[in-house]
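Here is entry_24.cif, consisting of mmCIF, C-alpha atoms:
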data_model
#
loop_
_atom_site.label_atom_id
_atom_site.label_comp_id
_atom_site.auth_asym_id
_atom_site.auth_seq_id
_atom_site.Cartn_x
_atom_site.Cartn_y
_atom_site.Cartn_z
CA ASN A 170 185.28 -14.14 180.69
CA PRO A 171 185.11 -10.92 178.63
CA ARG A 172 184.49 -8.67 181.66
CA ASN A 173 187.53 -10.01 183.54
CA ALA A 174 189.69 -9.79 180.39
CA ALA A 175 188.69 -6.13 179.89
CA ALA A 176 189.22 -5.23 183.57
CA GLY A 177 192.66 -6.91 183.55
CA SER A 178 193.61 -5.06 180.39
CA LEU A 179 192.68 -1.70 181.90
CA ARG A 180 194.88 -2.43 184.94
CA GLN A 181 198.00 -2.90 182.78
CA LEU A 182 200.69 -0.44 183.87
CA ASP A 183 201.83 -0.10 180.26
CA SER A 184 198.92 1.60 178.43
CA SER A 185 200.30 0.48 175.04
CA ILE A 186 199.48 -3.14 176.02
CA ALA A 187 195.88 -2.16 176.78
CA ALA A 188 195.74 -0.16 173.51
CA ALA A 189 196.79 -3.23 171.51
CA ARG A 190 193.97 -5.37 172.89
CA GLY A 191 191.13 -3.81 170.92
CA LEU A 192 188.96 -2.89 173.89
CA ASP A 193 185.57 -1.32 173.21
CA ILE A 194 183.03 0.33 175.49
CA ILE A 195 179.31 0.95 175.73
CA VAL A 196 178.39 3.82 178.07
CA PHE A 197 175.17 3.10 179.97
CA ASN A 198 175.06 5.92 182.52
CA LEU A 199 175.95 9.61 182.83
CA GLN A 200 177.34 10.36 186.28
CA ALA A 201 177.73 14.14 185.89
CA ALA A 202 177.82 16.85 183.18
CA GLU A 203 178.98 20.30 184.21
CA GLY A 204 176.47 23.05 183.44
CA LYS A 205 173.82 20.55 182.21
CA THR A 206 170.59 19.37 183.80
CA PHE A 207 168.42 16.47 182.70
CA ALA A 208 164.95 15.28 183.62
CA SER A 209 165.30 11.63 182.61
CA HIS A 210 167.75 8.80 182.07
CA SER A 211 166.79 8.45 178.38
CA GLU A 212 167.65 12.16 177.92
CA THR A 213 171.16 11.54 179.29
CA LEU A 214 171.66 8.62 176.88
CA ASP A 215 170.52 10.75 173.94
CA PHE A 216 172.97 13.45 175.06
CA LEU A 217 175.86 10.96 175.33
CA LYS A 218 175.06 9.63 171.85
CA ALA A 219 175.10 13.20 170.45
CA GLN A 220 178.59 13.72 171.96
CA GLY A 221 179.86 10.67 170.05
CA PHE A 222 179.92 8.14 172.88
CA PRO A 223 178.89 4.58 171.98
CA VAL A 224 175.55 3.90 173.73
CA SER A 225 173.54 0.67 173.56
CA PRO A 226 170.96 0.97 170.76
CA TYR A 227 168.60 -1.29 172.73
CA TYR A 228 167.07 1.08 175.30
CA SER A 229 163.36 1.86 175.34
CA VAL A 230 160.93 3.73 177.60
CA PHE A 231 157.58 2.20 178.59
CA ASP A 232 154.71 3.30 180.82
CA ASN A 233 153.34 -0.15 181.76
CA MET A 234 154.73 -3.45 183.03
CA GLU A 235 153.29 -5.56 180.20
CA ASP A 236 155.45 -3.74 177.63
CA VAL A 237 158.45 -3.93 179.98
CA TRP A 238 158.04 -7.72 180.25
CA ASN A 239 157.65 -8.09 176.47
CA GLU A 240 160.87 -6.10 175.96
CA ILE A 241 162.76 -8.30 178.47
CA GLN A 242 161.68 -11.37 176.48
CA ARG A 243 162.56 -9.73 173.14
CA LEU A 244 166.09 -8.91 174.34
CA GLY A 245 166.48 -12.44 175.70
CA ASN A 246 165.59 -13.90 172.30
CA MET A 247 168.21 -11.64 170.66
CA ARG A 248 171.10 -12.71 172.93
CA ASP A 249 172.97 -14.69 170.25
CA GLU A 250 172.69 -11.84 167.71
CA LEU A 251 173.98 -9.03 169.96
CA PRO A 252 177.53 -7.72 169.34
CA PHE A 253 178.29 -8.09 173.09
CA GLY A 254 177.54 -10.67 175.80
CA ILE A 255 174.67 -10.20 178.25
CA ASP A 256 173.30 -12.30 181.10
CA GLY A 257 170.25 -10.14 181.87
CA ALA A 258 168.26 -6.96 181.29
CA VAL A 259 167.94 -4.03 183.70
CA VAL A 260 164.67 -2.19 184.33
CA LYS A 261 165.24 1.39 185.52
CA ILE A 262 163.04 4.28 186.63
CA ASN A 263 163.44 6.90 183.88
CA SER A 264 162.66 10.03 185.94
CA LEU A 265 165.78 11.31 187.71
CA ILE A 266 163.66 13.13 190.32
CA GLN A 267 161.85 9.89 191.19
CA ARG A 268 165.22 8.12 191.42
CA LYS A 269 166.39 10.65 194.00
CA LEU A 270 163.23 10.11 196.05
CA LEU A 271 163.62 6.32 195.92
CA GLY A 272 167.32 6.50 196.90
CA GLU A 273 169.76 3.62 197.15
CA THR A 274 171.59 1.40 199.64
CA THR A 275 175.40 1.33 199.88
CA SER A 276 175.56 -1.16 197.00
CA THR A 277 172.17 -1.25 195.26
CA PRO A 278 169.94 1.45 193.73
CA LYS A 279 166.28 1.12 194.74
CA TRP A 280 165.25 2.54 191.35
CA ALA A 281 166.57 -0.37 189.26
CA ALA A 282 166.09 -4.15 189.10
CA ALA A 283 167.98 -6.77 187.10
CA PHE A 284 166.24 -9.65 185.33
CA LYS A 285 168.67 -12.58 184.83
CA TYR A 286 168.15 -14.84 181.81
CA PRO A 287 168.52 -18.63 182.16
CA PRO A 288 172.07 -19.84 181.40
CA GLU A 289 172.86 -20.29 177.71
CA GLN A 290 172.83 -23.98 176.72
CA LYS A 291 174.66 -25.73 173.87
CA GLU A 292 174.84 -29.30 172.59
CA THR A 293 178.19 -31.07 172.19
CA THR A 294 179.77 -34.55 172.39
CA LEU A 295 181.15 -36.11 175.59
CA VAL A 296 184.47 -37.45 174.27
CA CYS A 297 185.60 -39.22 177.46
CA ILE A 298 185.51 -39.06 181.26
CA GLU A 299 188.86 -38.58 183.03
CA THR A 300 189.37 -39.41 186.71
CA ASN A 301 191.18 -36.94 188.99
CA VAL A 302 192.43 -37.69 192.50
CA GLY A 303 191.76 -35.09 195.22
CA ARG A 304 193.82 -34.34 198.34
CA THR A 305 191.75 -36.77 200.47
CA GLY A 306 192.10 -39.51 197.84
CA VAL A 307 188.57 -39.14 196.48
CA LEU A 308 188.29 -39.87 192.76
CA THR A 309 186.39 -37.19 190.83
CA PRO A 310 185.10 -37.67 187.27
CA LEU A 311 185.87 -34.89 184.76
CA ALA A 312 184.03 -34.69 181.43
CA ILE A 313 186.19 -33.99 178.36
CA LEU A 314 183.98 -32.36 175.72
CA GLU A 315 184.19 -31.56 172.05
CA PRO A 316 185.00 -27.80 172.39
CA VAL A 317 181.91 -25.58 172.20
CA ARG A 318 181.51 -21.77 172.43
CA LEU A 319 179.39 -21.01 175.50
CA ALA A 320 178.61 -17.71 177.28
CA GLY A 321 181.68 -15.96 175.89
CA THR A 322 184.32 -18.69 176.26
CA THR A 323 185.26 -22.03 174.67
CA VAL A 324 184.33 -24.93 176.95
CA SER A 325 186.13 -28.28 176.60
CA ARG A 326 185.74 -29.80 180.08
CA ALA A 327 183.10 -29.91 182.81
CA THR A 328 183.01 -31.31 186.32
CA LEU A 329 180.69 -34.26 186.95
CA HIS A 330 181.11 -34.14 190.78
CA ASN A 331 180.40 -37.82 191.53
CA LEU A 332 178.93 -41.08 190.27
CA ASP A 333 175.44 -40.24 191.58
CA ILE A 334 175.11 -37.31 189.15
CA ILE A 335 176.32 -39.48 186.23
CA ARG A 336 173.74 -42.13 187.13
CA GLU A 337 170.86 -39.70 187.73
CA ARG A 338 171.41 -37.91 184.41
CA ASP A 339 172.25 -41.17 182.61
CA ILE A 340 175.42 -39.66 181.10
CA ARG A 341 177.49 -42.02 178.94
CA VAL A 342 180.82 -41.64 177.15
CA GLY A 343 180.09 -40.74 173.50
CA ASP A 344 176.71 -39.14 174.32
CA ARG A 345 175.50 -35.89 172.80
CA VAL A 346 175.03 -33.73 175.92
CA ILE A 347 173.53 -30.35 176.86
CA VAL A 348 176.09 -28.06 178.52
CA GLN A 349 175.58 -24.81 180.41
CA LYS A 350 177.57 -22.62 182.79
CA ALA A 351 176.24 -22.75 186.36
CA GLY A 352 175.90 -19.11 187.41
CA ASP A 353 177.29 -18.26 183.97
CA ILE A 354 180.73 -19.37 185.26
CA ILE A 355 181.24 -23.10 185.90
CA PRO A 356 180.58 -25.49 182.98
CA GLU A 357 178.25 -28.41 183.79
CA ILE A 358 176.42 -31.15 181.88
CA VAL A 359 172.67 -30.70 182.32
CA ALA A 360 171.46 -33.81 180.48
CA SER A 361 172.28 -36.37 177.82
CA VAL A 362 170.38 -36.31 174.50
CA LYS A 363 169.19 -39.92 174.61
CA GLU A 364 167.30 -39.79 171.30
CA LYS A 365 170.63 -39.21 169.47
CA ARG A 366 172.31 -42.37 170.82
CA THR A 367 173.81 -44.76 168.27
CA GLY A 368 174.46 -47.72 170.57
CA SER A 369 178.22 -47.13 170.72
CA GLU A 370 177.97 -45.08 173.96
CA LYS A 371 179.62 -46.58 177.08
CA ILE A 372 178.46 -46.53 180.72
CA PHE A 373 181.15 -44.98 182.95
CA SER A 374 182.67 -46.78 185.92
CA PHE A 375 185.62 -45.77 188.10
CA PRO A 376 188.95 -47.50 187.46
CA GLU A 377 189.93 -50.35 189.80
CA ARG A 378 193.34 -48.75 190.33
CA CYS A 379 194.28 -45.15 191.14
CA PRO A 380 195.23 -43.25 187.96
CA SER A 381 197.99 -41.45 189.90
CA CYS A 382 199.78 -44.17 191.90
CA GLY A 383 198.32 -47.45 190.60
CA GLU A 384 197.12 -48.67 194.01
CA ILE A 385 193.72 -50.39 194.44
CA VAL A 386 190.73 -48.04 194.70
CA PHE A 387 188.22 -48.60 197.54
CA ALA A 388 184.50 -47.77 197.51
CA ASP A 389 182.74 -46.04 200.43
CA ILE A 390 179.66 -48.28 200.74
CA GLY A 391 176.53 -46.48 201.95
CA ASP A 392 173.58 -47.80 203.96
CA ASP A 393 171.83 -48.83 200.74
CA GLY A 394 174.74 -51.08 199.76
CA THR A 395 175.85 -48.87 196.85
CA SER A 396 178.63 -46.32 196.55
CA SER A 397 179.10 -43.05 194.71
CA VAL A 398 182.45 -42.25 196.38
CA TYR A 399 185.65 -44.07 195.40
CA ARG A 400 188.93 -43.41 197.13
CA CYS A 401 192.66 -44.11 196.85
CA GLU A 402 193.93 -44.83 200.38
CA ASN A 403 197.64 -44.76 199.56
CA PRO A 404 199.12 -41.93 201.72
CA ALA A 405 202.10 -41.70 199.32
CA CYS A 406 199.89 -41.11 196.26
CA PRO A 407 201.53 -38.27 194.22
CA ALA A 408 198.20 -36.62 193.30
CA GLN A 409 197.12 -36.52 196.95
CA LEU A 410 200.49 -35.15 197.99
CA GLU A 411 200.33 -32.32 195.44
CA ARG A 412 196.77 -31.26 196.29
CA GLY A 413 197.41 -31.74 200.01
CA LEU A 414 200.43 -29.43 199.91
CA VAL A 415 198.49 -26.78 197.94
CA HIS A 416 195.75 -26.95 200.62
CA PHE A 417 198.35 -26.77 203.41
CA ALA A 418 199.98 -23.67 201.87
CA HIS A 419 196.59 -21.97 201.44
CA ALA A 420 195.38 -22.80 204.97
CA MET A 421 198.68 -21.62 206.49
CA SER A 422 198.63 -18.40 204.37
CA ILE A 423 201.95 -19.17 202.65
CA ASP A 424 201.82 -16.61 199.81
CA GLY A 425 203.50 -17.65 196.58
CA LEU A 426 203.30 -21.41 197.18
CA GLY A 427 200.70 -22.26 194.53
CA PRO A 428 200.01 -25.42 192.47
CA ALA A 429 202.76 -24.82 189.86
CA LEU A 430 205.50 -24.31 192.46
CA VAL A 431 204.29 -27.25 194.58
CA ARG A 432 204.47 -29.47 191.48
CA LEU A 433 208.05 -28.26 190.83
CA LEU A 434 209.12 -28.94 194.43
CA ILE A 435 207.74 -32.51 194.22
CA GLU A 436 209.37 -33.12 190.83
CA GLN A 437 212.73 -31.89 192.18
CA ASN A 438 212.36 -34.25 195.17
CA LEU A 439 212.50 -31.30 197.60
CA VAL A 440 209.26 -32.03 199.47
CA HIS A 441 207.65 -35.32 200.50
CA ASP A 442 205.22 -33.95 203.09
CA ALA A 443 204.10 -30.59 204.53
CA GLY A 444 206.96 -30.58 207.05
CA ASP A 445 209.53 -30.41 204.23
CA ILE A 446 208.18 -26.95 203.28
CA TYR A 447 209.91 -25.62 206.43
CA ALA A 448 213.24 -27.24 205.44
CA LEU A 449 213.47 -25.36 202.13
CA THR A 450 216.46 -23.04 201.69
CA LYS A 451 216.99 -19.94 199.58
CA ASP A 452 219.25 -21.92 197.24
CA ASP A 453 216.62 -24.70 196.82
CA ILE A 454 213.98 -22.21 195.69
CA ALA A 455 216.17 -19.83 193.66
CA ALA A 456 217.44 -22.76 191.54
CA LEU A 457 213.90 -23.60 190.34
CA PRO A 458 212.67 -22.40 186.90
CA ARG A 459 211.12 -18.88 186.94
CA MET A 460 212.31 -18.34 190.53
CA GLY A 461 215.06 -15.93 191.54
CA ALA A 462 216.73 -14.72 194.72
CA LYS A 463 214.00 -12.13 195.48
CA SER A 464 211.17 -14.66 194.92
CA ALA A 465 212.98 -17.11 197.19
CA GLU A 466 213.35 -14.47 199.94
CA ASN A 467 209.65 -13.53 199.76
CA LEU A 468 208.54 -17.17 199.90
CA LEU A 469 210.86 -18.00 202.82
CA SER A 470 209.55 -14.95 204.71
CA SER A 471 205.96 -16.15 204.17
CA ILE A 472 206.89 -19.68 205.30
CA GLU A 473 208.55 -18.29 208.44
CA ASN A 474 205.50 -16.14 209.28
CA SER A 475 203.19 -19.15 208.92
CA LYS A 476 204.86 -20.81 211.92
CA LYS A 477 203.01 -18.42 214.24
CA ASN A 478 199.48 -19.23 212.96
CA GLY A 479 198.69 -21.59 215.83
CA ALA A 480 197.15 -25.02 216.30
CA SER A 481 193.76 -24.44 214.66
CA ALA A 482 195.43 -23.31 211.40
CA VAL A 483 197.66 -26.41 211.45
CA ILE A 484 194.73 -28.81 212.05
CA ASN A 485 192.83 -27.20 209.14
CA ALA A 486 195.96 -27.29 206.95
CA LEU A 487 196.48 -31.03 207.52
CA GLY A 488 193.34 -31.65 205.45
CA ILE A 489 191.86 -34.31 207.75
CA ARG A 490 188.60 -35.75 206.39
CA HIS A 491 185.44 -34.19 207.91
CA THR A 492 187.48 -31.43 209.62
CA GLY A 493 187.51 -28.00 207.98
CA GLU A 494 188.37 -24.52 209.24
CA ALA A 495 185.39 -24.18 211.62
CA GLY A 496 185.88 -27.72 212.95
CA ALA A 497 189.58 -27.09 213.58
CA GLU A 498 188.76 -23.94 215.57
CA SER A 499 186.19 -25.82 217.69
CA LEU A 500 188.71 -28.58 218.44
CA MET A 501 191.47 -26.19 219.42
CA ARG A 502 189.16 -24.15 221.67
CA HIS A 503 188.68 -27.42 223.59
CA PHE A 504 192.21 -28.89 223.55
CA ALA A 505 195.33 -27.07 224.72
CA SER A 506 197.56 -28.32 221.92
CA VAL A 507 197.82 -30.58 218.88
CA ASP A 508 199.60 -33.13 221.13
CA GLN A 509 196.61 -33.22 223.47
CA LEU A 510 194.24 -33.76 220.53
CA MET A 511 196.53 -36.48 219.13
CA ASN A 512 196.32 -38.43 222.39
CA ALA A 513 192.56 -37.95 222.87
CA SER A 514 190.09 -40.85 222.69
CA VAL A 515 186.92 -40.90 220.60
CA ASP A 516 184.83 -40.10 223.70
CA GLU A 517 187.07 -37.16 224.65
CA ILE A 518 186.78 -35.71 221.12
CA LEU A 519 182.99 -36.22 221.18
CA ALA A 520 182.88 -33.78 224.12
CA VAL A 521 183.79 -30.99 221.65
CA GLU A 522 180.80 -28.94 220.51
CA ASP A 523 179.57 -29.77 216.96
CA VAL A 524 181.83 -32.83 216.61
CA GLY A 525 180.07 -36.09 215.74
CA GLU A 526 181.11 -39.74 215.94
CA VAL A 527 182.31 -40.05 212.31
CA THR A 528 184.60 -37.02 212.70
CA ALA A 529 185.89 -38.21 216.11
CA ARG A 530 186.75 -41.69 214.77
CA THR A 531 188.40 -40.22 211.66
CA LEU A 532 190.59 -37.96 213.85
CA VAL A 533 191.68 -40.86 216.11
CA GLU A 534 192.50 -43.03 213.07
CA TYR A 535 194.39 -40.16 211.38
CA PHE A 536 196.55 -39.37 214.42
CA ALA A 537 197.32 -43.09 214.94
CA LEU A 538 199.08 -43.26 211.54
CA PRO A 539 202.92 -43.36 211.77
CA GLU A 540 203.11 -40.84 208.87
CA THR A 541 200.99 -38.37 210.87
CA LYS A 542 203.15 -38.74 213.98
CA ASN A 543 206.31 -38.20 211.92
CA LEU A 544 204.80 -35.10 210.27
CA ILE A 545 203.74 -33.54 213.60
CA GLU A 546 207.22 -34.23 215.02
CA LYS A 547 208.80 -32.57 211.97
CA LEU A 548 206.58 -29.48 212.35
CA LYS A 549 207.65 -29.23 216.03
CA ILE A 550 211.35 -29.45 215.11
CA PHE A 551 210.97 -26.58 212.62
CA GLY A 552 209.24 -24.39 215.24
CA VAL A 553 205.66 -24.43 213.92
CA SER A 554 203.30 -23.42 216.74
CA LEU A 555 201.12 -26.36 217.76
CA GLU A 556 199.67 -24.71 220.86
CA SER A 557 196.05 -23.63 221.22
CA ALA A 558 195.29 -19.95 221.84
CA LYS A 559 192.27 -20.87 223.99
CA ASN A 560 193.79 -19.57 227.25
CA SER A 561 195.16 -16.28 225.90
CA ALA A 562 193.57 -12.98 226.96
CA ASP A 563 192.55 -11.94 223.44
CA THR A 564 190.41 -15.07 222.98
CA GLU A 565 188.72 -14.79 226.39
CA GLU A 566 185.11 -15.88 226.20
CA LYS A 567 182.81 -12.94 225.53
CA PRO A 568 179.46 -12.44 227.32
CA GLN A 569 176.80 -14.50 225.50
CA ILE A 570 174.16 -11.74 225.19
CA PHE A 571 171.85 -13.90 223.03
CA ALA A 572 172.12 -17.05 225.19
CA GLY A 573 168.68 -18.54 225.94
CA LYS A 574 166.90 -16.17 223.58
CA THR A 575 164.97 -16.97 220.39
#

What does the file become when written as structure tokens?
Amino acid sequence: NPRNAAAGSLRQLDSSIAAARGLDIIVFNLQAAEGKTFASHSETLDFLKAQGFPVSPYYSVFDNMEDVWNEIQRLGNMRDELPFGIDGAVVKINSLIQRKLLGETTSTPKWAAAFKYPPEQKETTLVCIETNVGRTGVLTPLAILEPVRLAGTTVSRATLHNLDIIRERDIRVGDRVIVQKAGDIIPEIVASVKEKRTGSEKIFSFPERCPSCGEIVFADIGDDGTSSVYRCENPACPAQLERGLVHFAHAMSIDGLGPALVRLLIEQNLVHDAGDIYALTKDDIAALPRMGAKSAENLLSSIENSKKNGASAVINALGIRHTGEAGAESLMRHFASVDQLMNASVDEILAVEDVGEVTARTLVEYFALPETKNLIEKLKIFGVSLESAKNSADTEEKPQIFAGKT
């Protein structure tokens, strides 16, 4: 967005790059002026303007809340006409003496309040719905839109999350749709414009075969006999492998191993599972496009350091369904090692705090897979720590001072 683009430009080490980007500024506050005193905020803005600084022309002083509210609405109605983007209006106490009396917290002044406008909405056409495959095999619909300018950027795609949302909002391929940015950041389809339908629109359904590997797609059937979640269960699915490795690298804090590099490693046939990350050599990495000897050294150092993260980091990194970071920590506080967890029964896993039957069964099924056993064995061979830290002195249980209290 414009704010991030401006901030990134200012951080350029070469100031000539920033100078070429046509940055502009509107000064909205005077922090200090040597030898000058002011009674009010509006006085400081008038002073800044007189010195030649660009100041917003849209500031006004009122002595009652009715006028303040009318001004907030007026500014909101002008949003599209303003020469800069806004997502709200700020009401401030004008008197600087009163501001001092009111004070501020470490991050927020008590003498100002922001009013946020509803997200800007635009109408466009839903061209098609693509299907992406996540690291757990779940198929996610992605809306491809006729590009539309929205809240400072051009939007051409929006997440649809799952089939339930498509059904609830009755979204069809070819529809005219209303788009907004959730939190002024993430594009989403709010509704379809049904009155503009021509009859050529198509109801979306998930493909019968995985768009990545071509295997049959399975539906997770709920208690009501319907399903909103569709899944590819092929463990060798390329899309799952790519996203799974990106998740593994993030969870194990392997700096530099992002989506682009993971994709390259898969394309070059260098990795087939997370264990292969630890088999990479300096020559393997340095030979890749946009990678050199120094980049290879840094990545290998990060991979080596990740071996010491411990069992809970590994369990989180494996991306097992229903088991995230907090769940992995709970499991490894209970079990002494990944091996012990691998050999545990459903009932033994159910003894772990906050672990339910679905999670316990999923873990048993996951660790029974030959691919999982091979991966764990590979991680052991490469020296990745699979031991729990539950018995070490630094994780000794602390006194529960709030136990039994409400």

Show me, as a ChimeraX atom specification, the residues that have an atom within 9 Å of Leu548 (chain A) when counting all atoms listed in the file, minus same-chain residues fewer than 2 positions from it. /A:443-445,447,476,543-546,550-555

Could you give me, as CSV, a per-residue list for region 209-264 of chain A showing, wherever an atom lies at most 8 Å from an atom of region 276-283 of chain A, the closest pair of atoms and their distance in Å to one decimal, using all atoms listed in the file and sorting by chain then residue number from low to high?
residue,atom,partner,partner_atom,distance
A:Gly257,CA,A:Ala283,CA,6.6
A:Ala258,CA,A:Ala283,CA,5.8
A:Val259,CA,A:Ala283,CA,4.4
A:Val260,CA,A:Ala282,CA,5.3
A:Lys261,CA,A:Ala281,CA,4.3
A:Ile262,CA,A:Trp280,CA,5.5

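Going from CA of Arg304 (chain A) to CA of Gly425 (chain A) covers 19.4 Å.
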
Take the PyMOL selection byres ((chain A and resi 266) around 12), run it mentally on this structure, and tell me the resulting residues as a PyMOL selection string. chain A and resi 206-210+262-265+267-272+280

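If you apply the PyMOL selection byres ((chain A and resi 317) around 12) to this structure, you end up with Glu289, Gln290, Lys291, Glu292, Thr293, Thr294, Leu295, Ile313, Leu314, Glu315, Pro316, Arg318, Leu319, Ala320, Gly321, Thr322, Thr323, Val324, Ser325, Arg326, Ala327, Val346, Ile347, Val348, Gln349, Lys350 and Pro356 of chain A.
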
Can you tell me, as a list of chain:residue names, what residues are no more than 12 Å from Gly368 (chain A) when counting all atoms listed in the file, ignoring any on the same chain fewer than 2 positions away? A:Arg341, A:Val342, A:Gly343, A:Asp344, A:Lys363, A:Glu364, A:Lys365, A:Arg366, A:Glu370, A:Lys371, A:Ile372

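Going from CA of Glu384 (chain A) over to CA of Glu540 (chain A), you cover 17.8 Å.
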
Could you model N, CA and C atoms for region 237-252 of chain A and present them as a PDB file, in the frame of the given file?
ATOM      1  N   VAL A 237     157.122  -3.686 179.412  1.00  0.00           N
ATOM      2  CA  VAL A 237     158.450  -3.930 179.980  1.00  0.00           C
ATOM      3  C   VAL A 237     158.790  -5.425 179.883  1.00  0.00           C
ATOM      4  N   TRP A 238     157.820  -6.275 180.268  1.00  0.00           N
ATOM      5  CA  TRP A 238     158.040  -7.720 180.250  1.00  0.00           C
ATOM      6  C   TRP A 238     158.259  -8.231 178.816  1.00  0.00           C
ATOM      7  N   ASN A 239     157.486  -7.690 177.879  1.00  0.00           N
ATOM      8  CA  ASN A 239     157.650  -8.090 176.470  1.00  0.00           C
ATOM      9  C   ASN A 239     159.040  -7.715 175.950  1.00  0.00           C
ATOM     10  N   GLU A 240     159.543  -6.550 176.390  1.00  0.00           N
ATOM     11  CA  GLU A 240     160.870  -6.100 175.960  1.00  0.00           C
ATOM     12  C   GLU A 240     161.975  -6.991 176.564  1.00  0.00           C
ATOM     13  N   ILE A 241     161.799  -7.391 177.833  1.00  0.00           N
ATOM     14  CA  ILE A 241     162.760  -8.300 178.470  1.00  0.00           C
ATOM     15  C   ILE A 241     162.856  -9.595 177.665  1.00  0.00           C
ATOM     16  N   GLN A 242     161.692 -10.124 177.261  1.00  0.00           N
ATOM     17  CA  GLN A 242     161.680 -11.370 176.480  1.00  0.00           C
ATOM     18  C   GLN A 242     162.305 -11.172 175.090  1.00  0.00           C
ATOM     19  N   ARG A 243     162.006 -10.016 174.469  1.00  0.00           N
ATOM     20  CA  ARG A 243     162.560  -9.730 173.140  1.00  0.00           C
ATOM     21  C   ARG A 243     164.080  -9.688 173.191  1.00  0.00           C
ATOM     22  N   LEU A 244     164.632  -8.996 174.192  1.00  0.00           N
ATOM     23  CA  LEU A 244     166.090  -8.910 174.340  1.00  0.00           C
ATOM     24  C   LEU A 244     166.698 -10.283 174.601  1.00  0.00           C
ATOM     25  N   GLY A 245     165.996 -11.095 175.407  1.00  0.00           N
ATOM     26  CA  GLY A 245     166.480 -12.440 175.700  1.00  0.00           C
ATOM     27  C   GLY A 245     166.570 -13.290 174.447  1.00  0.00           C
ATOM     28  N   ASN A 246     165.593 -13.138 173.557  1.00  0.00           N
ATOM     29  CA  ASN A 246     165.590 -13.900 172.300  1.00  0.00           C
ATOM     30  C   ASN A 246     166.680 -13.437 171.333  1.00  0.00           C
ATOM     31  N   MET A 247     167.181 -12.202 171.553  1.00  0.00           N
ATOM     32  CA  MET A 247     168.210 -11.640 170.660  1.00  0.00           C
ATOM     33  C   MET A 247     169.636 -11.922 171.144  1.00  0.00           C
ATOM     34  N   ARG A 248     169.783 -12.587 172.284  1.00  0.00           N
ATOM     35  CA  ARG A 248     171.100 -12.710 172.930  1.00  0.00           C
ATOM     36  C   ARG A 248     172.214 -13.153 171.973  1.00  0.00           C
ATOM     37  N   ASP A 249     171.938 -14.162 171.157  1.00  0.00           N
ATOM     38  CA  ASP A 249     172.970 -14.690 170.250  1.00  0.00           C
ATOM     39  C   ASP A 249     173.343 -13.721 169.140  1.00  0.00           C
ATOM     40  N   GLU A 250     172.441 -12.767 168.826  1.00  0.00           N
ATOM     41  CA  GLU A 250     172.690 -11.840 167.710  1.00  0.00           C
ATOM     42  C   GLU A 250     173.379 -10.553 168.161  1.00  0.00           C
ATOM     43  N   LEU A 251     173.409 -10.288 169.458  1.00  0.00           N
ATOM     44  CA  LEU A 251     173.980  -9.030 169.960  1.00  0.00           C
ATOM     45  C   LEU A 251     175.499  -9.012 169.763  1.00  0.00           C
ATOM     46  N   PRO A 252     176.079  -7.823 169.541  1.00  0.00           N
ATOM     47  CA  PRO A 252     177.530  -7.720 169.340  1.00  0.00           C
ATOM     48  C   PRO A 252     178.318  -7.761 170.657  1.00  0.00           C
TER      49      PRO A 252
END
